[in-house]
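Worksheet for the structure shown next.
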Number of protein chains: 2
Amino acid sequence: MSKKENISLSVIRRLPRYYRFLGELKKSNILRISSAELSRIMGLTASQIRQDLNCFGGFGQQGYGYNVADLYEEIGKILGIKENIKTILIGAGNLGKTLSTQMDFHSFGFDLIGIFDIDSNLIGTTLNSIVVKDVSLLEEFCKKESPKVACLCIPKEAAEEIAERLVKLGIRGFWNFSHYDMSLEYKGIAVENVHLGDSLMTLSYRVHDNL
Amino acid sequence: MSKKENISLSVIRRLPRYYRFLGELKKSNILRISSAELSRIMGLTASQIRQDLNCFGGFGQQGYGYNVADLYEEIGKILGIKENIKTILIGAGNLGKTLSTQMDFHSFGFDLIGIFDIDSNLIGTTLNSIVVKDVSLLEEFCKKESPKVACLCIPKEAAEEIAERLVKLGIRGFWNFSHYDMSLEYKGIAVENVHLGDSLMTLSYRVHDNL
């Protein structure tokens with residue numbers, strides 16, 4: 001299986017969904033699946049599925065369908081989820097607390113090694129066995145541990161302030177809940193913006209459309 | 001401004017982003033913006049923007065650009081975010097607590113009127129001025145208040161169990177954090193699945209691609 005160059009982001013964004021569905025099939029002890037059947041359960045067309053997987057060299061054998069465990073394993077490798085990228089989380093408020101305690105970073109390819117905040121009420125508390133540190137210790141920590149990803153659970157203004165500092169400290173990817181749209185300013189840095197409000201607004205439109 | 005039929009979901013999904021950017025421009029007292037300039041700040045092509053907005057009858061005047069406040073207002077109307085759909089939240093654990101206290105439902109078109117859980121330690125506590133109720137009171141509550149949307153902050157298995165019950169009680173849209181993929185089973189019901197793990201996996205791929 002070889003990875004081709006210039007895979008579009010929309011294909012990449014579908015891979016985690018394949019990975020989830022294949023994981024479920026694997027759990028149910030299903031060994032092989034045709035693209036027709038996979039397309040039915042995922043709500044995609046069979047040709048879309050073949051096209052997507054062909055971007056990575058293709059996995060199926062004509063007439064035999066896909067080997068579920070192999071395809072699951074390969075997509076996991078493509079996504080790099082066995083690599084455990086060292087990750088820090090900035091902002092130990094409600095959202096940061098929820099993510100650091102509820103999110104299984106490991107199973108998605110990340111190793112959460114540090115949590116930082118500016119609030120003296122939060123500094124020193126423990127989340128998911130990690131002691132929350134003062135954000136002023138960021139330089140020291142990053143020099144020692146070299147984290148590559150930062151999860152931003154802070155307001156927009158705070159994110160604007162800290163983003164450049166983090167990039168200088170070697171951060172190469174952001175999981176960004178801050179509503180500060182970084183992707184346009186830092187080329188070459190991977191940014192996944194999570195705008196929960198956007199999905200709520202989409203839901204609003206769709207519910208009104210149905211009522 | 002007239003809404004055309006059969007707008008694709010991918011156009012709909014971009015509208016909240018337009019709405020956010022226009023809101024920022026409005027806050028900065030910018031009165032008009034060309035599609036070229038809007039495309040620059042949003043990272044879309046100008047022709048994409050014209051196409052998107054044409055789905056709703058178009059708003060711009062050739063050579064004059066878009067009136068920021070009008071376009072903001074109109075997209076808000078299309079999204080229905082002034083309507084305040086009655087909404088309940090199921091699951092008052094960490095995530096439910098974070099969403100009910102941190103998410104400004106009102107500004108996205110929703111009115112959070114009830115929170116339910118099965119855990120006797122959570123029932124009776126107050127989140128965002130709402131007392132958490134026993135999930136056994138759901139029928140009584142829904143008959144009286146007629147909520148139309150449910151936010152599911154419960155595990156996959158619990159969501160599978162409760163989804164049909166909620167649909168029978170009149171729920172027409174789900175904001176679904178449960179990893180139970182409902183959209184395929186309940187046609188005609190709007191479902192926005194939020195898979196935070198998917199964006200983490202996408203980030204994993206993109207960071208490895210950059211390293």
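We name chains A, B, ... following the order of the structure tokens; residues begin at 1 in each chain, and ligands are numbered from 1 as shown.
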
At most 6 Å is the cut-off: for each residue in chain B with any atom that close to an atom of chain A, write down the nearest atom pair and the distance in Å rounded to one decimal, counting only C-alpha atoms, chain first then increasing number, as JSON lines.
```
{"residue": "B:Arg13", "atom": "CA", "partner": "A:Thr202", "partner_atom": "CA", "distance": 5.9}
{"residue": "B:Pro16", "atom": "CA", "partner": "A:Asp198", "partner_atom": "CA", "distance": 5.1}
{"residue": "B:Leu79", "atom": "CA", "partner": "A:Tyr205", "partner_atom": "CA", "distance": 4.5}
{"residue": "B:Gly80", "atom": "CA", "partner": "A:Tyr205", "partner_atom": "CA", "distance": 5.8}
{"residue": "B:Asn94", "atom": "CA", "partner": "A:Thr98", "partner_atom": "CA", "distance": 5.6}
{"residue": "B:Leu95", "atom": "CA", "partner": "A:Thr98", "partner_atom": "CA", "distance": 5.9}
{"residue": "B:Thr98", "atom": "CA", "partner": "A:Asn94", "partner_atom": "CA", "distance": 5.6}
{"residue": "B:Phe108", "atom": "CA", "partner": "A:Met201", "partner_atom": "CA", "distance": 5.5}
{"residue": "B:Gly173", "atom": "CA", "partner": "A:Val207", "partner_atom": "CA", "distance": 5.7}
{"residue": "B:Ala190", "atom": "CA", "partner": "A:Val207", "partner_atom": "CA", "distance": 5.8}
{"residue": "B:Asp198", "atom": "CA", "partner": "A:Pro16", "partner_atom": "CA", "distance": 5.1}
{"residue": "B:Met201", "atom": "CA", "partner": "A:Phe108", "partner_atom": "CA", "distance": 5.5}
{"residue": "B:Thr202", "atom": "CA", "partner": "A:Arg13", "partner_atom": "CA", "distance": 5.9}
{"residue": "B:Tyr205", "atom": "CA", "partner": "A:Leu79", "partner_atom": "CA", "distance": 4.5}
{"residue": "B:Arg206", "atom": "CA", "partner": "A:Ala190", "partner_atom": "CA", "distance": 5.8}
{"residue": "B:Val207", "atom": "CA", "partner": "A:Gly173", "partner_atom": "CA", "distance": 5.7}
```

Could you pull the residues within 12 Å of Thr125 in chain A, counting only C-alpha atoms, minus those fewer than 3 positions along the same chain, as a PDB file with all heavy atoms, in the first residue's frame?
```pdb
ATOM      1  N   ALA A  92      -7.361  24.751  31.108  1.00  0.00           N
ATOM      2  CA  ALA A  92      -7.906  23.647  31.908  1.00  0.00           C
ATOM      3  C   ALA A  92      -9.292  23.978  32.464  1.00  0.00           C
ATOM      4  O   ALA A  92      -9.698  23.453  33.494  1.00  0.00           O
ATOM      5  CB  ALA A  92      -6.941  23.291  33.030  1.00  0.00           C
ATOM      6  N   GLY A  93     -10.007  24.864  31.776  1.00  0.00           N
ATOM      7  CA  GLY A  93     -11.393  25.176  32.175  1.00  0.00           C
ATOM      8  C   GLY A  93     -12.313  24.009  31.840  1.00  0.00           C
ATOM      9  O   GLY A  93     -11.861  22.884  31.635  1.00  0.00           O
ATOM     10  N   LYS A  97     -11.002  20.456  30.652  1.00  0.00           N
ATOM     11  CA  LYS A  97     -11.176  19.388  31.633  1.00  0.00           C
ATOM     12  C   LYS A  97     -11.908  18.203  30.993  1.00  0.00           C
ATOM     13  O   LYS A  97     -11.493  17.049  31.123  1.00  0.00           O
ATOM     14  CB  LYS A  97     -11.972  19.941  32.818  1.00  0.00           C
ATOM     15  CG  LYS A  97     -12.038  19.019  33.990  1.00  0.00           C
ATOM     16  CD  LYS A  97     -12.827  19.649  35.132  1.00  0.00           C
ATOM     17  CE  LYS A  97     -13.209  18.565  36.129  1.00  0.00           C
ATOM     18  NZ  LYS A  97     -14.193  19.040  37.119  1.00  0.00           N
ATOM     19  N   ILE A 115      -0.596  19.834  30.605  1.00  0.00           N
ATOM     20  CA  ILE A 115      -1.773  20.716  30.589  1.00  0.00           C
ATOM     21  C   ILE A 115      -1.362  22.033  31.252  1.00  0.00           C
ATOM     22  O   ILE A 115      -0.717  22.028  32.301  1.00  0.00           O
ATOM     23  CB  ILE A 115      -2.953  20.080  31.352  1.00  0.00           C
ATOM     24  CG1 ILE A 115      -3.292  18.704  30.752  1.00  0.00           C
ATOM     25  CG2 ILE A 115      -4.174  21.002  31.343  1.00  0.00           C
ATOM     26  CD1 ILE A 115      -4.395  17.955  31.487  1.00  0.00           C
ATOM     27  N   PHE A 116      -1.747  23.141  30.618  1.00  0.00           N
ATOM     28  CA  PHE A 116      -1.320  24.453  31.103  1.00  0.00           C
ATOM     29  C   PHE A 116      -2.509  25.399  31.259  1.00  0.00           C
ATOM     30  O   PHE A 116      -3.483  25.325  30.489  1.00  0.00           O
ATOM     31  CB  PHE A 116      -0.311  25.080  30.124  1.00  0.00           C
ATOM     32  CG  PHE A 116       0.965  24.304  30.036  1.00  0.00           C
ATOM     33  CD1 PHE A 116       1.077  23.208  29.176  1.00  0.00           C
ATOM     34  CD2 PHE A 116       2.045  24.636  30.838  1.00  0.00           C
ATOM     35  CE1 PHE A 116       2.252  22.473  29.112  1.00  0.00           C
ATOM     36  CE2 PHE A 116       3.234  23.899  30.773  1.00  0.00           C
ATOM     37  CZ  PHE A 116       3.326  22.822  29.914  1.00  0.00           C
ATOM     38  N   ASP A 117      -2.409  26.284  32.237  1.00  0.00           N
ATOM     39  CA  ASP A 117      -3.428  27.308  32.421  1.00  0.00           C
ATOM     40  C   ASP A 117      -2.781  28.532  33.068  1.00  0.00           C
ATOM     41  O   ASP A 117      -1.636  28.472  33.516  1.00  0.00           O
ATOM     42  CB  ASP A 117      -4.580  26.773  33.284  1.00  0.00           C
ATOM     43  CG  ASP A 117      -5.891  27.489  32.991  1.00  0.00           C
ATOM     44  OD1 ASP A 117      -6.019  28.684  33.329  1.00  0.00           O
ATOM     45  OD2 ASP A 117      -6.785  26.872  32.381  1.00  0.00           O
ATOM     46  N   ASP A 119      -4.766  30.276  35.335  1.00  0.00           N
ATOM     47  CA  ASP A 119      -5.597  30.486  36.525  1.00  0.00           C
ATOM     48  C   ASP A 119      -4.984  29.758  37.732  1.00  0.00           C
ATOM     49  O   ASP A 119      -4.871  28.533  37.738  1.00  0.00           O
ATOM     50  CB  ASP A 119      -7.003  29.952  36.225  1.00  0.00           C
ATOM     51  CG  ASP A 119      -7.969  30.181  37.367  1.00  0.00           C
ATOM     52  OD1 ASP A 119      -7.508  30.498  38.495  1.00  0.00           O
ATOM     53  OD2 ASP A 119      -9.176  30.026  37.148  1.00  0.00           O
ATOM     54  N   SER A 120      -4.634  30.530  38.742  1.00  0.00           N
ATOM     55  CA  SER A 120      -3.972  29.929  39.918  1.00  0.00           C
ATOM     56  C   SER A 120      -4.877  28.932  40.636  1.00  0.00           C
ATOM     57  O   SER A 120      -4.402  28.064  41.364  1.00  0.00           O
ATOM     58  CB  SER A 120      -3.518  31.016  40.895  1.00  0.00           C
ATOM     59  OG  SER A 120      -4.634  31.786  41.284  1.00  0.00           O
ATOM     60  N   ASN A 121      -6.193  29.033  40.423  1.00  0.00           N
ATOM     61  CA  ASN A 121      -7.108  28.054  41.025  1.00  0.00           C
ATOM     62  C   ASN A 121      -7.016  26.692  40.335  1.00  0.00           C
ATOM     63  O   ASN A 121      -7.389  25.681  40.912  1.00  0.00           O
ATOM     64  CB  ASN A 121      -8.561  28.536  40.929  1.00  0.00           C
ATOM     65  CG  ASN A 121      -8.799  29.737  41.810  1.00  0.00           C
ATOM     66  OD1 ASN A 121      -8.359  29.762  42.958  1.00  0.00           O
ATOM     67  ND2 ASN A 121      -9.462  30.743  41.254  1.00  0.00           N
ATOM     68  N   LEU A 122      -6.563  26.698  39.106  1.00  0.00           N
ATOM     69  CA  LEU A 122      -6.483  25.444  38.349  1.00  0.00           C
ATOM     70  C   LEU A 122      -5.074  24.854  38.371  1.00  0.00           C
ATOM     71  O   LEU A 122      -4.904  23.635  38.348  1.00  0.00           O
ATOM     72  CB  LEU A 122      -6.931  25.684  36.902  1.00  0.00           C
ATOM     73  CG  LEU A 122      -8.392  26.125  36.744  1.00  0.00           C
ATOM     74  CD1 LEU A 122      -8.697  26.525  35.308  1.00  0.00           C
ATOM     75  CD2 LEU A 122      -9.348  25.012  37.188  1.00  0.00           C
ATOM     76  N   ASN A 128      -6.678  13.729  34.636  1.00  0.00           N
ATOM     77  CA  ASN A 128      -6.184  12.552  33.931  1.00  0.00           C
ATOM     78  C   ASN A 128      -4.724  12.242  34.296  1.00  0.00           C
ATOM     79  O   ASN A 128      -3.878  12.020  33.423  1.00  0.00           O
ATOM     80  CB  ASN A 128      -6.347  12.793  32.419  1.00  0.00           C
ATOM     81  CG  ASN A 128      -6.233  11.519  31.608  1.00  0.00           C
ATOM     82  OD1 ASN A 128      -6.244  10.419  32.164  1.00  0.00           O
ATOM     83  ND2 ASN A 128      -6.099  11.664  30.311  1.00  0.00           N
ATOM     84  N   SER A 129      -4.437  12.305  35.577  1.00  0.00           N
ATOM     85  CA  SER A 129      -3.093  12.038  36.132  1.00  0.00           C
ATOM     86  C   SER A 129      -2.033  13.061  35.729  1.00  0.00           C
ATOM     87  O   SER A 129      -0.836  12.832  35.905  1.00  0.00           O
ATOM     88  CB  SER A 129      -2.565  10.642  35.764  1.00  0.00           C
ATOM     89  OG  SER A 129      -3.546   9.676  35.961  1.00  0.00           O
ATOM     90  N   ILE A 130      -2.450  14.173  35.136  1.00  0.00           N
ATOM     91  CA  ILE A 130      -1.484  15.208  34.742  1.00  0.00           C
ATOM     92  C   ILE A 130      -1.720  16.442  35.613  1.00  0.00           C
ATOM     93  O   ILE A 130      -2.848  16.924  35.724  1.00  0.00           O
ATOM     94  CB  ILE A 130      -1.660  15.580  33.252  1.00  0.00           C
ATOM     95  CG1 ILE A 130      -1.381  14.346  32.386  1.00  0.00           C
ATOM     96  CG2 ILE A 130      -0.754  16.744  32.871  1.00  0.00           C
ATOM     97  CD1 ILE A 130      -1.790  14.525  30.937  1.00  0.00           C
ATOM     98  N   VAL A 131      -0.658  16.942  36.219  1.00  0.00           N
ATOM     99  CA  VAL A 131      -0.781  18.136  37.055  1.00  0.00           C
ATOM    100  C   VAL A 131      -0.784  19.376  36.153  1.00  0.00           C
ATOM    101  O   VAL A 131       0.104  19.540  35.306  1.00  0.00           O
ATOM    102  CB  VAL A 131       0.379  18.209  38.072  1.00  0.00           C
ATOM    103  CG1 VAL A 131       0.278  19.499  38.902  1.00  0.00           C
ATOM    104  CG2 VAL A 131       0.358  16.991  38.989  1.00  0.00           C
ATOM    105  N   VAL A 132      -1.798  20.216  36.320  1.00  0.00           N
ATOM    106  CA  VAL A 132      -1.910  21.434  35.506  1.00  0.00           C
ATOM    107  C   VAL A 132      -0.792  22.401  35.902  1.00  0.00           C
ATOM    108  O   VAL A 132      -0.604  22.700  37.078  1.00  0.00           O
ATOM    109  CB  VAL A 132      -3.290  22.108  35.716  1.00  0.00           C
ATOM    110  CG1 VAL A 132      -3.382  23.405  34.916  1.00  0.00           C
ATOM    111  CG2 VAL A 132      -4.414  21.145  35.336  1.00  0.00           C
ATOM    112  N   LYS A 133      -0.049  22.848  34.864  1.00  0.00           N
ATOM    113  CA  LYS A 133       1.096  23.736  35.109  1.00  0.00           C
ATOM    114  C   LYS A 133       0.783  25.177  34.733  1.00  0.00           C
ATOM    115  O   LYS A 133      -0.070  25.443  33.888  1.00  0.00           O
ATOM    116  CB  LYS A 133       2.290  23.275  34.262  1.00  0.00           C
ATOM    117  CG  LYS A 133       2.925  21.980  34.710  1.00  0.00           C
ATOM    118  CD  LYS A 133       4.191  21.723  33.868  1.00  0.00           C
ATOM    119  CE  LYS A 133       4.906  20.479  34.350  1.00  0.00           C
ATOM    120  NZ  LYS A 133       4.046  19.268  34.284  1.00  0.00           N
ATOM    121  N   ASP A 134       1.543  26.083  35.323  1.00  0.00           N
ATOM    122  CA  ASP A 134       1.459  27.498  34.966  1.00  0.00           C
ATOM    123  C   ASP A 134       1.976  27.667  33.535  1.00  0.00           C
ATOM    124  O   ASP A 134       3.013  27.105  33.172  1.00  0.00           O
ATOM    125  CB  ASP A 134       2.332  28.313  35.931  1.00  0.00           C
ATOM    126  CG  ASP A 134       2.087  29.810  35.777  1.00  0.00           C
ATOM    127  OD1 ASP A 134       2.012  30.303  34.631  1.00  0.00           O
ATOM    128  OD2 ASP A 134       1.952  30.468  36.815  1.00  0.00           O
TER     129      ASP A 134
END
```

Inset, instruction - Go ahead and compute the interatomic distance for CA of Leu138 in chain A and CA of Ile118 in chain A, in Å to one decimal. - result: 11.0 Å

Inset, instruction - Rank nothing, just name the residue among B:Phe56, B:Ser8, B:Gly114, B:Leu22 nearest to Thr87 in chain B, using only C-alpha atoms. - result: B:Gly114

Inset, instruction - Identify all residues of range 80-158 of chain A in alpha helix (DSSP H) (DSSP on the backbone) and supply them as a PyMOL selection string. - result: chain A and resi 94-102+138-145+156-158

Can you spit out the residues from that selection as a compact mmCIF listing (two decimals), in the first residue's frame, using all heavy atoms?
```
# COMPACT_ATOMS: atom_id res chain seq x y z
N ASN A 94 -13.61 24.29 31.77
CA ASN A 94 -14.59 23.23 31.56
C ASN A 94 -14.29 22.36 30.35
O ASN A 94 -14.27 21.14 30.44
CB ASN A 94 -15.99 23.85 31.37
CG ASN A 94 -16.71 23.97 32.69
OD1 ASN A 94 -16.86 22.98 33.41
ND2 ASN A 94 -17.13 25.17 33.02
N LEU A 95 -14.06 23.02 29.20
CA LEU A 95 -13.82 22.24 27.98
C LEU A 95 -12.52 21.45 28.08
O LEU A 95 -12.48 20.26 27.77
CB LEU A 95 -13.80 23.17 26.76
CG LEU A 95 -13.48 22.47 25.44
CD1 LEU A 95 -14.58 21.50 25.06
CD2 LEU A 95 -13.28 23.50 24.32
N GLY A 96 -11.46 22.12 28.52
CA GLY A 96 -10.17 21.45 28.64
C GLY A 96 -10.24 20.28 29.59
O GLY A 96 -9.64 19.22 29.35
N LYS A 97 -11.00 20.46 30.65
CA LYS A 97 -11.18 19.39 31.63
C LYS A 97 -11.91 18.20 30.99
O LYS A 97 -11.49 17.05 31.12
CB LYS A 97 -11.97 19.94 32.82
CG LYS A 97 -12.04 19.02 33.99
CD LYS A 97 -12.83 19.65 35.13
CE LYS A 97 -13.21 18.56 36.13
NZ LYS A 97 -14.19 19.04 37.12
N THR A 98 -12.98 18.51 30.28
CA THR A 98 -13.75 17.45 29.63
C THR A 98 -12.89 16.69 28.62
O THR A 98 -12.85 15.46 28.62
CB THR A 98 -14.99 18.04 28.90
OG1 THR A 98 -15.80 18.67 29.87
CG2 THR A 98 -15.79 16.97 28.20
N LEU A 99 -12.18 17.45 27.78
CA LEU A 99 -11.37 16.78 26.75
C LEU A 99 -10.25 15.94 27.38
O LEU A 99 -10.03 14.80 26.98
CB LEU A 99 -10.77 17.81 25.79
CG LEU A 99 -11.76 18.53 24.87
CD1 LEU A 99 -11.03 19.54 24.02
CD2 LEU A 99 -12.52 17.54 23.99
N SER A 100 -9.57 16.51 28.37
CA SER A 100 -8.41 15.79 28.92
C SER A 100 -8.84 14.56 29.71
O SER A 100 -8.07 13.60 29.80
CB SER A 100 -7.54 16.71 29.77
OG SER A 100 -8.29 17.24 30.84
N THR A 101 -10.05 14.56 30.24
CA THR A 101 -10.47 13.40 31.02
C THR A 101 -11.32 12.41 30.21
O THR A 101 -11.33 11.22 30.51
CB THR A 101 -11.27 13.82 32.27
OG1 THR A 101 -12.38 14.63 31.87
CG2 THR A 101 -10.41 14.61 33.24
N GLN A 102 -12.02 12.90 29.18
CA GLN A 102 -12.97 12.04 28.46
C GLN A 102 -12.44 11.52 27.13
O GLN A 102 -12.93 10.54 26.60
CB GLN A 102 -14.28 12.79 28.19
CG GLN A 102 -14.95 13.34 29.41
CD GLN A 102 -15.46 12.24 30.30
OE1 GLN A 102 -16.30 11.45 29.90
NE2 GLN A 102 -14.95 12.15 31.51
N LEU A 138 5.85 27.02 30.04
CA LEU A 138 5.71 26.42 28.72
C LEU A 138 7.06 26.25 28.01
O LEU A 138 7.35 25.18 27.45
CB LEU A 138 4.79 27.34 27.88
CG LEU A 138 3.97 26.77 26.76
CD1 LEU A 138 3.25 25.50 27.16
CD2 LEU A 138 2.95 27.82 26.29
N GLU A 139 7.89 27.29 28.04
CA GLU A 139 9.18 27.25 27.33
C GLU A 139 10.05 26.10 27.86
O GLU A 139 10.55 25.28 27.10
CB GLU A 139 9.94 28.58 27.47
CG GLU A 139 9.52 29.64 26.44
CD GLU A 139 8.12 30.19 26.67
OE1 GLU A 139 7.57 29.98 27.78
OE2 GLU A 139 7.55 30.79 25.74
N GLU A 140 10.19 26.10 29.18
CA GLU A 140 10.98 25.06 29.85
C GLU A 140 10.48 23.66 29.49
O GLU A 140 11.24 22.78 29.10
CB GLU A 140 10.85 25.31 31.36
CG GLU A 140 11.75 24.49 32.24
CD GLU A 140 11.36 24.69 33.72
OE1 GLU A 140 11.07 25.86 34.10
OE2 GLU A 140 11.31 23.70 34.45
N PHE A 141 9.16 23.49 29.58
CA PHE A 141 8.54 22.19 29.32
C PHE A 141 8.77 21.75 27.87
O PHE A 141 9.13 20.61 27.60
CB PHE A 141 7.04 22.27 29.62
CG PHE A 141 6.32 20.96 29.47
CD1 PHE A 141 6.21 20.08 30.54
CD2 PHE A 141 5.75 20.59 28.26
CE1 PHE A 141 5.55 18.87 30.40
CE2 PHE A 141 5.09 19.38 28.11
CZ PHE A 141 4.99 18.52 29.19
N CYS A 142 8.56 22.66 26.95
CA CYS A 142 8.66 22.31 25.52
C CYS A 142 10.11 21.99 25.13
O CYS A 142 10.36 21.12 24.30
CB CYS A 142 8.10 23.42 24.64
SG CYS A 142 6.31 23.57 24.76
N LYS A 143 11.05 22.71 25.73
CA LYS A 143 12.45 22.43 25.43
C LYS A 143 12.82 21.02 25.88
O LYS A 143 13.56 20.32 25.21
CB LYS A 143 13.37 23.47 26.08
CG LYS A 143 13.63 24.62 25.10
CD LYS A 143 14.32 25.79 25.74
CE LYS A 143 13.93 27.07 24.97
NZ LYS A 143 14.13 28.28 25.75
N LYS A 144 12.27 20.61 27.00
CA LYS A 144 12.58 19.30 27.55
C LYS A 144 11.83 18.18 26.82
O LYS A 144 12.40 17.15 26.48
CB LYS A 144 12.22 19.30 29.04
CG LYS A 144 12.82 18.14 29.81
CD LYS A 144 12.58 18.26 31.31
CE LYS A 144 12.71 16.90 31.96
NZ LYS A 144 11.80 16.73 33.09
N GLU A 145 10.53 18.40 26.57
CA GLU A 145 9.66 17.31 26.10
C GLU A 145 9.36 17.32 24.60
O GLU A 145 8.88 16.33 24.06
CB GLU A 145 8.33 17.34 26.87
CG GLU A 145 8.46 17.22 28.39
CD GLU A 145 8.87 15.80 28.81
OE1 GLU A 145 8.84 14.90 27.96
OE2 GLU A 145 9.24 15.62 30.00
N LYS A 156 -10.69 33.13 22.06
CA LYS A 156 -10.09 33.58 20.81
C LYS A 156 -8.87 34.50 21.04
O LYS A 156 -7.83 34.30 20.43
CB LYS A 156 -11.17 34.34 20.03
CG LYS A 156 -10.78 34.63 18.62
CD LYS A 156 -11.84 35.41 17.86
CE LYS A 156 -11.23 35.77 16.52
NZ LYS A 156 -11.91 36.78 15.78
N GLU A 157 -9.03 35.47 21.91
CA GLU A 157 -7.98 36.47 22.12
C GLU A 157 -6.73 35.80 22.70
O GLU A 157 -5.61 36.09 22.29
CB GLU A 157 -8.46 37.59 23.06
CG GLU A 157 -9.61 38.44 22.48
CD GLU A 157 -10.93 37.68 22.39
OE1 GLU A 157 -11.13 36.72 23.19
OE2 GLU A 157 -11.75 38.01 21.50
N ALA A 158 -6.95 34.91 23.65
CA ALA A 158 -5.82 34.20 24.27
C ALA A 158 -5.11 33.33 23.24
O ALA A 158 -3.88 33.22 23.24
CB ALA A 158 -6.33 33.34 25.42
```

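Atom to atom, CA of Tyr66 in chain A and CA of Ile33 in chain A stand 5.2 Å apart.
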
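The residues of range 66-164 of chain B that DSSP classifies as strand (DSSP E or B), using the backbone of this structure, are B:Tyr66, B:Asn67, B:Ile85, B:Lys86, B:Thr87, B:Ile88, B:Leu89, B:Ile90, B:Phe110, B:Asp111, B:Leu112, B:Ile113, B:Gly114, B:Ile115, B:Phe116, B:Asp117, B:Thr126, B:Leu127, B:Ile130, B:Val131, B:Val132, B:Lys133, B:Asp134, B:Val149, B:Ala150, B:Cys151, B:Leu152.
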
Residues just named, written with C-alpha atoms as a tab-separated table (two decimals), in the first residue's frame:
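What landed in result-v4.tsv:
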```
chain	number	residue	atom	x	y	z
B	66	TYR	CA	-21.83	42.69	-0.42
B	67	ASN	CA	-23.44	44.76	2.31
B	85	ILE	CA	-35.99	25.85	18.86
B	86	LYS	CA	-36.87	24.20	22.17
B	87	THR	CA	-34.04	21.82	23.01
B	88	ILE	CA	-33.28	19.22	25.64
B	89	LEU	CA	-29.95	17.72	26.60
B	90	ILE	CA	-29.57	14.08	27.60
B	110	PHE	CA	-31.78	26.98	20.25
B	111	ASP	CA	-33.45	27.35	23.63
B	112	LEU	CA	-32.16	24.80	26.12
B	113	ILE	CA	-35.14	24.04	28.33
B	114	GLY	CA	-34.38	20.68	29.94
B	115	ILE	CA	-31.49	18.43	31.00
B	116	PHE	CA	-31.93	14.74	31.81
B	117	ASP	CA	-29.79	12.00	33.28
B	126	THR	CA	-28.35	22.72	38.50
B	127	LEU	CA	-26.60	23.45	35.23
B	130	ILE	CA	-31.70	24.24	34.73
B	131	VAL	CA	-32.35	21.50	37.27
B	132	VAL	CA	-31.24	18.09	35.96
B	133	LYS	CA	-34.26	15.76	35.80
B	134	ASP	CA	-34.61	12.00	35.95
B	149	VAL	CA	-34.22	19.00	19.33
B	150	ALA	CA	-32.20	16.74	21.62
B	151	CYS	CA	-28.50	17.01	22.33
B	152	LEU	CA	-27.16	13.54	23.12
```

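A straight line drawn from CA of Ala159 in chain A to CA of Lys26 in chain B is 21.1 Å long.
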
Legend entry - Residue with smallest distance to Gly23 in chain B - pool B:Gly91, B:Glu160, B:Glu74, B:Arg165, counting only C-alpha atoms: B:Glu74

Inset, instruction - Pick out the residues sitting within 6 Å of Ser178 in chain B, and hand them over as a count of residues only; count only C-alpha atoms, and ignore anything fewer than 3 positions along from it in its own chain. - result: 4
